[in-house]
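For reference, entry33.cif is printed below; it contains mmCIF, C-alpha atoms.
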data_entry
loop_
_atom_site.label_atom_id
_atom_site.label_comp_id
_atom_site.auth_asym_id
_atom_site.auth_seq_id
_atom_site.Cartn_x
_atom_site.Cartn_y
_atom_site.Cartn_z
CA MET F 1 20.73 9.50 49.41
CA LEU F 2 17.36 7.76 49.29
CA GLY F 3 15.53 11.04 48.99
CA GLN F 4 13.75 12.26 45.91
CA SER F 5 16.86 12.15 43.77
CA ILE F 6 17.92 8.52 43.59
CA PHE F 7 18.10 8.94 39.84
CA GLY F 8 19.14 12.57 39.88
CA VAL F 9 18.40 14.53 36.75
CA HIS F 10 18.11 11.41 34.59
CA GLU F 11 14.53 10.76 35.62
CA GLN F 12 13.37 14.09 34.20
CA ALA F 13 15.76 13.76 31.28
CA LEU F 14 14.18 10.44 30.28
CA SER F 15 10.66 11.82 30.29
CA LEU F 16 11.76 14.91 28.37
CA ARG F 17 13.57 12.76 25.81
CA ALA F 18 10.44 10.63 25.39
CA HIS F 19 8.39 13.77 24.87
CA ARG F 20 10.87 15.12 22.35
CA THR F 21 10.56 11.84 20.43
CA GLU F 22 6.84 12.55 20.10
CA VAL F 23 7.42 16.12 18.95
CA LEU F 24 9.97 15.07 16.33
CA ALA F 25 7.75 12.19 15.18
CA THR F 26 4.98 14.75 14.69
CA ASN F 27 7.27 16.86 12.51
CA LEU F 28 8.20 13.83 10.42
CA ALA F 29 4.61 12.62 10.08
CA ASN F 30 3.58 16.06 8.87
CA ALA F 31 6.46 16.46 6.42
CA ASP F 32 3.96 16.83 3.55
CA THR F 33 1.18 18.73 5.34
CA PRO F 34 0.59 22.20 3.87
CA ASN F 35 1.06 25.06 6.34
CA PHE F 36 2.41 22.79 9.04
CA LYS F 37 5.10 24.49 11.13
CA ALA F 38 7.82 22.27 12.56
CA ARG F 39 8.18 22.54 16.33
CA ASP F 40 10.71 21.58 18.94
CA PHE F 41 11.86 22.64 22.39
CA ASP F 42 15.23 23.63 23.75
CA PHE F 43 16.13 20.46 25.60
CA SER F 44 19.01 21.72 27.71
CA ALA F 45 17.14 24.86 28.80
CA VAL F 46 14.05 22.87 29.79
CA LEU F 47 16.12 20.24 31.57
CA SER F 48 18.16 22.74 33.58
CA GLY F 49 14.88 24.49 34.45
CA ALA F 50 13.36 21.19 35.53
CA ALA F 51 16.44 20.35 37.59
CA ALA F 52 16.06 23.70 39.33
CA GLY F 53 12.45 22.79 40.12
CA ARG F 54 10.82 25.09 37.61
CA SER F 55 7.85 24.07 35.52
CA PRO F 56 8.91 23.67 31.87
CA GLY F 57 6.08 25.87 30.61
CA LEU F 58 5.64 29.60 31.01
CA GLN F 59 6.56 30.78 34.48
CA ALA F 60 3.57 31.64 36.67
CA THR F 61 4.76 34.40 38.97
CA HIS F 62 1.35 35.04 40.49
CA ALA F 63 -1.10 32.65 42.12
CA ARG F 64 -3.84 33.56 39.66
CA HIS F 65 -1.81 33.07 36.51
CA ILE F 66 -3.16 30.42 34.16
CA GLN F 67 -0.97 27.35 34.01
CA THR F 68 0.00 26.94 30.38
CA SER F 69 1.35 23.44 30.58
CA SER F 70 1.59 20.53 32.92
CA ALA F 71 4.81 19.58 34.63
CA GLN F 72 5.95 17.22 31.91
CA ARG F 73 5.04 19.35 28.92
CA PRO F 74 7.52 22.00 27.85
CA THR F 75 6.33 24.89 25.73
CA LEU F 76 7.05 24.19 22.09
CA ALA F 77 8.66 26.74 19.83
CA TYR F 78 8.48 26.96 16.07
CA ARG F 79 11.54 26.09 14.11
CA ASN F 80 13.29 28.61 11.88
CA PRO F 81 13.54 26.78 8.56
CA PHE F 82 16.58 27.04 6.33
CA GLN F 83 14.51 26.35 3.24
CA PRO F 84 10.79 26.90 3.77
CA SER F 85 8.64 25.44 1.02
CA ARG F 86 5.97 27.10 -1.09
CA ASP F 87 3.06 25.43 0.69
CA GLY F 88 3.98 26.96 4.06
CA ASN F 89 5.45 23.77 5.46
CA THR F 90 8.64 24.27 7.46
CA VAL F 91 9.57 20.62 8.06
CA GLU F 92 12.99 19.70 6.69
CA SER F 93 12.83 15.93 6.82
CA ASP F 94 16.53 15.17 6.79
CA LEU F 95 17.31 17.66 9.55
CA GLU F 96 14.38 16.40 11.59
CA PHE F 97 15.62 12.89 11.11
CA ALA F 98 19.10 13.83 12.28
CA ARG F 99 17.58 15.35 15.41
CA PHE F 100 15.41 12.30 15.89
CA ALA F 101 18.46 10.01 15.73
CA GLU F 102 20.39 12.24 18.13
CA ASN F 103 17.45 12.24 20.52
CA SER F 104 17.08 8.48 20.46
CA ILE F 105 20.80 8.01 21.15
CA ALA F 106 20.52 10.42 24.07
CA TYR F 107 17.46 8.50 25.30
CA GLN F 108 19.48 5.29 25.29
CA ALA F 109 22.35 7.03 27.09
CA THR F 110 19.92 8.16 29.78
CA LEU F 111 18.65 4.59 30.04
CA ARG F 112 22.24 3.43 30.58
CA PHE F 113 22.72 5.97 33.37
CA LEU F 114 19.50 4.83 35.03
CA GLY F 115 20.48 1.19 34.65
CA GLY F 116 23.89 1.90 36.19
CA ARG F 117 22.23 3.66 39.09
CA ILE F 118 19.90 0.71 39.63
CA SER F 119 22.72 -1.83 39.63
CA THR F 120 24.69 0.37 42.05
CA LEU F 121 21.72 0.40 44.41
CA ARG F 122 21.32 -3.35 44.03
CA MET F 123 24.93 -3.85 44.99
CA ALA F 124 24.45 -1.61 48.01
CA ILE F 125 21.29 -3.49 49.04
CA GLY F 126 23.01 -6.85 48.60
CA GLY F 127 25.89 -5.68 50.78
CA ARG F 128 28.51 -6.53 48.16
CA MET Q 1 5.25 7.80 24.80
CA PHE Q 2 3.06 5.24 23.07
CA SER Q 3 1.55 8.06 21.05
CA VAL Q 4 4.62 8.00 18.81
CA PHE Q 5 3.10 4.89 17.25
CA ASP Q 6 -0.16 6.76 16.65
CA ILE Q 7 1.67 9.71 15.14
CA ALA Q 8 3.96 7.74 12.85
CA GLY Q 9 1.12 5.30 12.05
CA SER Q 10 -1.06 8.17 10.87
CA GLY Q 11 1.85 9.25 8.69
CA LEU Q 12 2.11 5.74 7.24
CA SER Q 13 -1.58 5.56 6.41
CA ALA Q 14 -1.61 9.06 4.89
CA GLN Q 15 1.42 8.33 2.72
CA SER Q 16 0.09 4.96 1.61
CA LEU Q 17 -3.17 6.63 0.57
CA ARG Q 18 -1.08 9.09 -1.43
CA LEU Q 19 0.74 6.17 -3.08
CA ASN Q 20 -2.63 4.57 -3.85
CA LEU Q 21 -3.85 7.72 -5.53
CA THR Q 22 -0.63 8.01 -7.53
CA ALA Q 23 -1.07 4.41 -8.68
CA SER Q 24 -4.67 5.15 -9.61
CA ASN Q 25 -3.65 8.29 -11.52
CA LEU Q 26 -0.92 6.49 -13.45
CA ALA Q 27 -3.15 3.50 -14.21
CA ASN Q 28 -5.87 5.75 -15.56
CA SER Q 29 -3.59 8.20 -17.34
CA GLN Q 30 -4.49 6.80 -20.77
CA ASN Q 31 -8.25 6.81 -20.21
CA VAL Q 32 -10.26 8.60 -22.88
CA ALA Q 33 -13.91 9.58 -23.11
CA GLY Q 34 -16.06 11.39 -25.64
CA ASP Q 35 -17.28 13.81 -23.00
CA PRO Q 36 -14.79 16.09 -21.17
CA GLN Q 37 -16.88 15.78 -18.00
CA ALA Q 38 -16.85 11.99 -18.01
CA VAL Q 39 -13.10 11.38 -18.24
CA TYR Q 40 -10.94 10.47 -15.26
CA SER Q 41 -9.24 13.41 -13.58
CA ALA Q 42 -6.11 13.23 -11.44
CA ARG Q 43 -6.73 12.83 -7.70
CA HIS Q 44 -4.53 14.14 -4.95
CA PRO Q 45 -4.91 13.92 -1.17
CA VAL Q 46 -5.13 16.99 1.05
CA PHE Q 47 -3.25 16.53 4.32
CA ARG Q 48 -3.96 18.28 7.56
CA SER Q 49 -2.24 18.16 10.91
CA ARG Q 50 -4.39 16.42 13.51
CA GLU Q 51 -4.26 19.11 16.19
CA MET Q 52 -7.49 20.68 17.28
CA SER Q 53 -7.18 21.69 20.89
CA PHE Q 54 -4.63 23.75 22.76
CA ALA Q 55 -3.64 20.66 24.71
CA SER Q 56 -2.78 18.73 21.59
CA GLN Q 57 -0.55 21.56 20.39
CA MET Q 58 1.57 20.91 23.45
CA ASN Q 59 1.79 17.25 22.50
CA GLY Q 60 2.50 15.58 19.25
CA ALA Q 61 -0.13 15.36 16.57
CA GLY Q 62 -0.34 13.03 13.63
CA VAL Q 63 -1.53 13.74 10.14
CA GLU Q 64 -4.95 13.10 8.67
CA VAL Q 65 -6.36 13.14 5.17
CA LEU Q 66 -8.83 15.98 4.93
CA GLY Q 67 -10.11 14.91 1.55
CA ILE Q 68 -9.24 13.97 -1.97
CA LEU Q 69 -9.04 16.74 -4.49
CA GLU Q 70 -9.80 16.07 -8.13
CA SER Q 71 -7.65 18.12 -10.45
CA SER Q 72 -9.55 20.88 -12.23
CA ALA Q 73 -7.10 21.02 -15.13
CA ALA Q 74 -8.75 20.68 -18.54
CA PRO Q 75 -8.64 17.19 -20.09
CA ILE Q 76 -6.37 16.75 -23.09
CA GLU Q 77 -8.35 17.07 -26.30
CA ARG Q 78 -7.36 14.83 -29.20
CA TYR Q 79 -8.74 14.23 -32.69
CA ASP Q 80 -9.21 10.47 -32.98
CA PRO Q 81 -12.25 9.63 -35.15
CA GLY Q 82 -11.39 5.92 -35.24
CA ASN Q 83 -11.81 5.59 -31.50
CA PRO Q 84 -15.17 4.04 -30.54
CA GLN Q 85 -15.45 6.55 -27.71
CA ALA Q 86 -15.04 9.59 -29.95
CA ASN Q 87 -17.92 12.08 -30.00
CA ALA Q 88 -19.76 13.31 -33.09
CA ASP Q 89 -16.88 15.63 -34.04
CA GLY Q 90 -14.36 12.79 -33.76
CA MET Q 91 -12.78 14.22 -30.61
CA VAL Q 92 -11.73 12.24 -27.53
CA TYR Q 93 -10.75 13.68 -24.15
CA ALA Q 94 -7.85 12.10 -22.28
CA ALA Q 95 -7.30 12.19 -18.52
CA ASN Q 96 -5.47 15.28 -17.26
CA VAL Q 97 -2.80 13.19 -15.48
CA ASN Q 98 0.72 14.58 -15.58
CA PRO Q 99 3.01 11.52 -15.42
CA VAL Q 100 6.06 13.53 -14.38
CA GLU Q 101 4.18 15.08 -11.46
CA GLU Q 102 2.89 11.66 -10.47
CA MET Q 103 6.37 10.13 -10.48
CA ALA Q 104 7.67 12.98 -8.30
CA ASN Q 105 4.72 12.45 -5.95
CA MET Q 106 5.43 8.76 -5.84
CA ILE Q 107 9.07 9.26 -4.84
CA SER Q 108 8.12 11.83 -2.21
CA ALA Q 109 5.41 9.59 -0.74
CA SER Q 110 7.73 6.61 -0.62
CA ARG Q 111 10.45 8.63 1.13
CA SER Q 112 7.99 9.94 3.70
CA TYR Q 113 6.59 6.45 4.25
CA GLN Q 114 10.10 5.17 4.89
CA SER Q 115 10.89 7.92 7.37
CA ASN Q 116 7.70 7.21 9.34
CA LEU Q 117 8.54 3.51 9.34
CA GLU Q 118 12.02 4.29 10.61
CA VAL Q 119 10.49 6.34 13.43
CA ILE Q 120 8.34 3.37 14.45
CA ASN Q 121 11.30 0.99 14.41
CA THR Q 122 13.46 3.33 16.47
CA GLU Q 123 10.66 3.87 18.95
CA LYS Q 124 10.13 0.13 19.27
CA GLU Q 125 13.81 -0.31 20.01
CA LEU Q 126 13.73 2.42 22.64
CA LEU Q 127 10.68 0.94 24.35
CA MET Q 128 12.20 -2.54 24.37
CA ARG Q 129 15.29 -1.12 26.06
CA THR Q 130 13.11 0.74 28.54
CA LEU Q 131 11.30 -2.47 29.40
CA THR Q 132 14.54 -4.15 30.33
CA LEU Q 133 15.65 -1.23 32.50
CA GLY Q 134 17.10 -2.43 35.79
CA GLN Q 135 17.41 -6.04 34.73
CA GLY Q 136 20.87 -7.49 34.95
#

Could the structure of this file be written out as structure tokens, please?
Amino acid sequence: MLGQSIFGVHEQALSLRAHRTEVLATNLANADTPNFKARDFDFSAVLSGAAAGRSPGLQATHARHIQTSSAQRPTLAYRNPFQPSRDGNTVESDLEFARFAENSIAYQATLRFLGGRISTLRMAIGGR
Amino acid sequence: MFSVFDIAGSGLSAQSLRLNLTASNLANSQNVAGDPQAVYSARHPVFRSREMSFASQMNGAGVEVLGILESSAAPIERYDPGNPQANADGMVYAANVNPVEEMANMISASRSYQSNLEVINTEKELLMRTLTLGQG
């Protein structure tokens, strides 16, 4: 039990959620930047890949392949806008904000899971 | 994770500059001059995403103000010989500010400012909760 996975998948989930917060904050900050393309990553795909031990970036199947991203940085994809604007900007603020809210709730849920795990371990250590 | 504050903060400063320029445009919208070159012309910011390197494309990037563009629209010509600033032909040139456009810009800037502020508040909340992780 005290191996690498005391916190299970939640450890990676927390860092991915934190990274997604940055990505969505970027989209919101650039809501009025001409030619800015909104980006995001597929959270569940990246997380299940990370749980299976795969790097979140492009898969390197050969030793001499260039690593495209570090372990914590998933490859970002461009969003398909419902209503792209004339200036080439594809940020839809309200949708981005909905995703931001969803992401922050999920971040707090992950924090709860981690906190529960920690208190379980504390109980076990205390022998109660 | 702290870079969210940088990102949203850059958004705040860019949007407040935009609000400043809107205020300046509206305040100077009634300016007149006898010379079409000398009159105030509407100013608008040009935004650019702050991502230069490949590495920063993987991460978040804030927004920066590339520059301030003065409108090239022709000033509004008016016949007003009583005006002390009128030229020899009695013409004055008024600033090329479009008040409707400025009001729309103002609303858009204020909305964007609010959403960046909301991002900062949410992030602060999340970090505070993270700090208390495992306590209690």

| request: Using only C-alpha atoms, pick whichever of Q:Ile68, Q:Ala104, Q:Ala61, Q:Ala73 has the shortest atom-to-atom distance to Val4 in chain Q. | output: Q:Ala61

| query | What residues come out when you apply the PyMOL selection byres ((chain F) within 6 of (chain Q)) to this file, written as an MDAnalysis selection string? | reply | chainID F and resid 18 22:23 26 29:30 33 115 118

| said: What does the structure give for the distance between CA of Gln37 in chain Q and CA of Asn105 in chain Q, in Å to one decimal? | reply: 25.0 Å

| request: List the residues selected by the PyMOL selection byres ((chain F and resi 47) around 10) in the file shown, writing them as a list in words. | output: Val9, His10, Gln12, Ala13, Leu16, Arg17, Asp42, Phe43, Ser44, Ala45, Val46, Ser48, Gly49, Ala50, Ala51, Ala52, Gly53, Arg54, Ser55, Pro56 and Pro74 of chain F

Selected residues written out with C-alpha atoms, as a PDB file, in the frame of the given file:
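Contents of the output file again32.pdb:
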ATOM      1  CA  VAL F   9      18.400  14.530  36.750  1.00  0.00           C
ATOM      2  CA  HIS F  10      18.110  11.410  34.590  1.00  0.00           C
ATOM      3  CA  GLN F  12      13.370  14.090  34.200  1.00  0.00           C
ATOM      4  CA  ALA F  13      15.760  13.760  31.280  1.00  0.00           C
ATOM      5  CA  LEU F  16      11.760  14.910  28.370  1.00  0.00           C
ATOM      6  CA  ARG F  17      13.570  12.760  25.810  1.00  0.00           C
ATOM      7  CA  ASP F  42      15.230  23.630  23.750  1.00  0.00           C
ATOM      8  CA  PHE F  43      16.130  20.460  25.600  1.00  0.00           C
ATOM      9  CA  SER F  44      19.010  21.720  27.710  1.00  0.00           C
ATOM     10  CA  ALA F  45      17.140  24.860  28.800  1.00  0.00           C
ATOM     11  CA  VAL F  46      14.050  22.870  29.790  1.00  0.00           C
ATOM     12  CA  SER F  48      18.160  22.740  33.580  1.00  0.00           C
ATOM     13  CA  GLY F  49      14.880  24.490  34.450  1.00  0.00           C
ATOM     14  CA  ALA F  50      13.360  21.190  35.530  1.00  0.00           C
ATOM     15  CA  ALA F  51      16.440  20.350  37.590  1.00  0.00           C
ATOM     16  CA  ALA F  52      16.060  23.700  39.330  1.00  0.00           C
ATOM     17  CA  GLY F  53      12.450  22.790  40.120  1.00  0.00           C
ATOM     18  CA  ARG F  54      10.820  25.090  37.610  1.00  0.00           C
ATOM     19  CA  SER F  55       7.850  24.070  35.520  1.00  0.00           C
ATOM     20  CA  PRO F  56       8.910  23.670  31.870  1.00  0.00           C
ATOM     21  CA  PRO F  74       7.520  22.000  27.850  1.00  0.00           C
TER      22      PRO F  74
END

| request: Evaluate the PyMOL selection byres ((chain F and resi 80) around 12) and record the selected residues as number ranges by chain, following the chain and residue labels used in the document. | output: F: 37-40, 77-79, 81-84, 89-92, 95

| remark: The distance between CA of Gly90 in chain Q and CA of Ser29 in chain Q is 20.2 Å

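CA of Thr21 in chain F is positioned 24.9 Å from CA of Arg18 in chain Q.
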
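Nearest-residue note for Pro36 in chain Q: choosing from Q:Leu131, Q:Val97, Q:Ile107, Q:Val92, the minimum distance belongs to Q:Val92, counting all atoms listed in the file.
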
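Among Q:Ala38, Q:Val100, Q:Ala95, Q:Met128, the residue with the shortest atom-to-atom distance to Leu111 in chain F, counting all atoms listed in the file, is Q:Met128.
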
| Residues near Gln85 in chain Q, cut-off 9 Å, all atoms listed in the file, skip fewer than 2 positions along chain, as a list of chain:residue names | Q:Val32, Q:Ala33, Q:Gly34, Q:Asp35, Q:Pro81, Q:Gly82, Q:Asn83, Q:Asn87, Q:Gly90, Q:Met91, Q:Val92

| field | Nearby residues (only C-alpha atoms) at most 9 Å from Arg117 in chain F, same-chain spacing under 5 positions excluded, as a list in words | value | Ile6, Phe7, Arg112 and Arg122 of chain F; Gly134 of chain Q
